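**Q** Next up is a structure, given as structure tokens.
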Amino acid sequence: QVQLVESGGGLVQPGGSLRLSCAASGSIFSFGAMAWYRQAPGKQRELVARIFSGGRTNYADSVKGRFTISIDNAKITVYLEMNRVKPEDTAVYYCNAVRGIDDFWGQGTQVTVSS
């Protein structure tokens, strides 16, 4: 069993910055990829950023150049650095980890961008 615990969400003003963290614990083996998804009210969950075990990353077009995903392998923690945030970034952000055919999710952390 794997547990993913997100932290770092909150209220931020447009143009500001926020860093989300996701710590993995439990039955820990190497993950094929870890990612951040988000879900805004009334919308489907969407991929924000993903990092593969080899370090390759991909991003949603809407966050390219503003968000950065990174991973601390020793701590098994994945981060999402969010810069120049916009009101449309408001959503619940979920951490995801993939190991083989298994898919794990965190409980989500709310990010609200508002003045």
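Residues are referred to by chain and number: the chain letter is A, B, ... according to the order shown in the structure tokens, the number counts from 1 in that chain, and ligands are numbered separately from 1 in the order shown.
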Could you list, as number ranges by chain, every residue within 12 Å of Ile101 (chain A), counting only C-alpha atoms and ignoring same-chain residues fewer than 6 positions away?
**A** A: 31-33
**Q** Keeping N, CA, C and O atoms, export the residues of the selection given above as a PDB file, in the first residue's frame.
**A**
ATOM      1  N   PHE A  31       8.732   4.272  -8.542  1.00  0.00           N
ATOM      2  CA  PHE A  31       7.581   4.652  -9.331  1.00  0.00           C
ATOM      3  C   PHE A  31       8.000   4.898 -10.779  1.00  0.00           C
ATOM      4  O   PHE A  31       9.064   5.425 -11.043  1.00  0.00           O
ATOM      5  N   GLY A  32       7.125   4.531 -11.700  1.00  0.00           N
ATOM      6  CA  GLY A  32       7.397   4.824 -13.096  1.00  0.00           C
ATOM      7  C   GLY A  32       7.244   6.296 -13.392  1.00  0.00           C
ATOM      8  O   GLY A  32       7.963   6.857 -14.216  1.00  0.00           O
ATOM      9  N   ALA A  33       6.311   6.922 -12.706  1.00  0.00           N
ATOM     10  CA  ALA A  33       6.070   8.350 -12.887  1.00  0.00           C
ATOM     11  C   ALA A  33       5.288   8.878 -11.707  1.00  0.00           C
ATOM     12  O   ALA A  33       4.546   8.139 -11.051  1.00  0.00           O
TER      13      ALA A  33
END
**Q** From region 7-107 of chain A, collect each residue whose DSSP state is strand (DSSP E) and return the set as JSON, numbers by chain.
**A** {"A": [7, 10, 11, 12, 18, 19, 20, 21, 22, 23, 24, 25, 26, 33, 34, 35, 36, 37, 38, 39, 46, 47, 48, 49, 50, 51, 52, 57, 58, 59, 67, 68, 69, 70, 71, 72, 77, 78, 79, 80, 81, 82, 91, 92, 93, 94, 95, 96, 97, 98, 99, 102, 103, 104, 105]}
**Q** Work out how far CA of Ser25 (chain A) is from CA of Arg66 (chain A), in Å to one decimal.
**A**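 Separation of CA of Arg66 (chain A) and CA of Ser25 (chain A): 28.3 Å.
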**Q** Considering only C-alpha atoms, state which residue in the set A:Val98, A:Gly106, A:Ala91, A:Tyr79 is at the smallest distance from Gly10 (chain A).
**A**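 Under the stated criterion, the closest residue is A:Ala91.
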**Q** I'd like to know which of A:Arg19, A:Arg56, A:Arg99, A:Arg45 is closest to Val85 (chain A), using only C-alpha atoms.
**A**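 Between A:Arg19, A:Arg56, A:Arg99, A:Arg45, the residue approaching Val85 (chain A) most closely is A:Arg19.
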**Q** Would you list the contacts of region 112-114 of chain A as a list in words, taking every protein, DNA or RNA residue within 10 Å and counting only C-alpha atoms, but skipping same-chain residues closer than 4 positions in sequence?
**A**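 In the requested form, the answer reads Gly9, Gly10, Leu11, Val12, Gln13, Pro14, Gly15, Gly16, Ser17, Val85, Lys86, Pro87, Glu88, Asp89, Thr90, Ala91 and Val92 of chain A.
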**Q** Keeping N, CA, C and O atoms for every residue in the selection just given, could you write it to a file as a short mmCIF file (atom, residue, chain, number, x, y, z; two decimals), in the first residue's frame?
**A**
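To be explicit, this is the file written out as out.cif:
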data_model
loop_
_atom_site.label_atom_id
_atom_site.label_comp_id
_atom_site.auth_asym_id
_atom_site.auth_seq_id
_atom_site.Cartn_x
_atom_site.Cartn_y
_atom_site.Cartn_z
N GLY A 9 -1.08 23.81 -0.29
CA GLY A 9 -2.16 24.57 -0.92
C GLY A 9 -2.57 25.76 -0.07
O GLY A 9 -2.15 25.91 1.07
N GLY A 10 -3.40 26.61 -0.67
CA GLY A 10 -3.88 27.77 0.07
C GLY A 10 -4.36 28.86 -0.86
O GLY A 10 -4.60 28.63 -2.05
N LEU A 11 -4.47 30.05 -0.32
CA LEU A 11 -4.91 31.22 -1.07
C LEU A 11 -3.70 32.02 -1.52
O LEU A 11 -2.80 32.30 -0.72
N VAL A 12 -3.67 32.37 -2.79
CA VAL A 12 -2.56 33.16 -3.33
C VAL A 12 -3.13 34.19 -4.30
O VAL A 12 -4.14 33.93 -4.98
N GLN A 13 -2.49 35.33 -4.35
CA GLN A 13 -2.95 36.38 -5.26
C GLN A 13 -2.49 36.12 -6.68
O GLN A 13 -1.45 35.47 -6.89
N PRO A 14 -3.23 36.61 -7.64
CA PRO A 14 -2.79 36.48 -9.03
C PRO A 14 -1.39 37.04 -9.21
O PRO A 14 -1.06 38.12 -8.68
N GLY A 15 -0.58 36.30 -9.96
CA GLY A 15 0.80 36.70 -10.16
C GLY A 15 1.75 36.20 -9.10
O GLY A 15 2.97 36.32 -9.25
N GLY A 16 1.22 35.60 -8.05
CA GLY A 16 2.04 35.10 -6.96
C GLY A 16 2.56 33.71 -7.21
O GLY A 16 2.43 33.15 -8.31
N SER A 17 3.16 33.14 -6.16
CA SER A 17 3.78 31.82 -6.25
C SER A 17 3.34 30.93 -5.10
O SER A 17 2.96 31.42 -4.03
N VAL A 85 0.79 32.69 -10.99
CA VAL A 85 -0.49 31.98 -10.99
C VAL A 85 -1.61 32.89 -11.47
O VAL A 85 -1.54 34.13 -11.36
N LYS A 86 -2.64 32.25 -12.00
CA LYS A 86 -3.79 32.95 -12.56
C LYS A 86 -5.06 32.45 -11.87
O LYS A 86 -5.08 31.33 -11.33
N PRO A 87 -6.13 33.22 -11.90
CA PRO A 87 -7.38 32.74 -11.29
C PRO A 87 -7.83 31.40 -11.86
O PRO A 87 -8.40 30.58 -11.12
N GLU A 88 -7.54 31.14 -13.12
CA GLU A 88 -7.95 29.86 -13.72
C GLU A 88 -7.13 28.68 -13.22
O GLU A 88 -7.43 27.54 -13.57
N ASP A 89 -6.11 28.94 -12.41
CA ASP A 89 -5.36 27.85 -11.78
C ASP A 89 -6.06 27.35 -10.51
O ASP A 89 -5.63 26.37 -9.91
N THR A 90 -7.13 28.02 -10.11
CA THR A 90 -7.88 27.61 -8.93
C THR A 90 -8.47 26.21 -9.14
O THR A 90 -9.17 25.97 -10.12
N ALA A 91 -8.17 25.32 -8.22
CA ALA A 91 -8.62 23.93 -8.33
C ALA A 91 -8.15 23.15 -7.10
O ALA A 91 -7.34 23.65 -6.32
N VAL A 92 -8.65 21.94 -7.00
CA VAL A 92 -8.05 20.99 -6.06
C VAL A 92 -6.95 20.26 -6.82
O VAL A 92 -7.19 19.74 -7.91
#
**Q** With a distance cut-off of 12 Å and only C-alpha atoms, select the neighbouring residues of Val2 (chain A), excluding the residue or stretch itself and same-chain residues fewer than 3 positions from it, and output the selection as JSON, numbers by chain.
**A** {"A": [5, 23, 24, 25, 26, 27, 28, 29, 30, 31, 76, 96, 97, 98, 99, 102, 103, 104, 105, 106]}
**Q** Keeping only C-alpha atoms, write the selected residues to a file as a PDB file, in the first residue's frame.
**A**
ATOM      1  CA  VAL A   5       0.052  13.191   1.250  1.00  0.00           C
ATOM      2  CA  ALA A  23       5.228  12.878   0.188  1.00  0.00           C
ATOM      3  CA  ALA A  24       4.970   9.161  -0.533  1.00  0.00           C
ATOM      4  CA  SER A  25       5.062   6.570   2.221  1.00  0.00           C
ATOM      5  CA  GLY A  26       4.124   2.975   2.789  1.00  0.00           C
ATOM      6  CA  SER A  27       5.138   0.163   0.503  1.00  0.00           C
ATOM      7  CA  ILE A  28       7.726   2.044  -1.404  1.00  0.00           C
ATOM      8  CA  PHE A  29       9.211   0.781  -4.620  1.00  0.00           C
ATOM      9  CA  SER A  30      10.333   2.808  -7.580  1.00  0.00           C
ATOM     10  CA  PHE A  31       7.581   4.652  -9.331  1.00  0.00           C
ATOM     11  CA  ILE A  76      10.266  10.276  -2.297  1.00  0.00           C
ATOM     12  CA  ASN A  96      -0.569  10.775  -8.518  1.00  0.00           C
ATOM     13  CA  ALA A  97       1.966   7.976  -8.634  1.00  0.00           C
ATOM     14  CA  VAL A  98       2.153   5.097 -11.078  1.00  0.00           C
ATOM     15  CA  ARG A  99       3.918   1.833 -10.386  1.00  0.00           C
ATOM     16  CA  ASP A 102      -1.068   0.387 -10.042  1.00  0.00           C
ATOM     17  CA  ASP A 103      -2.251   3.956  -9.726  1.00  0.00           C
ATOM     18  CA  PHE A 104      -2.171   5.861  -6.440  1.00  0.00           C
ATOM     19  CA  TRP A 105      -3.795   9.173  -5.505  1.00  0.00           C
ATOM     20  CA  GLY A 106      -3.508  11.660  -2.700  1.00  0.00           C
TER      21      GLY A 106
END
**Q** I need the residue nearest Ser62 (chain A) from this list: A:Glu6, A:Thr109, A:Thr77, A:Met82. Use only C-alpha atoms for the distance.
**A**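 Nearest to Ser62 (chain A): A:Met82.
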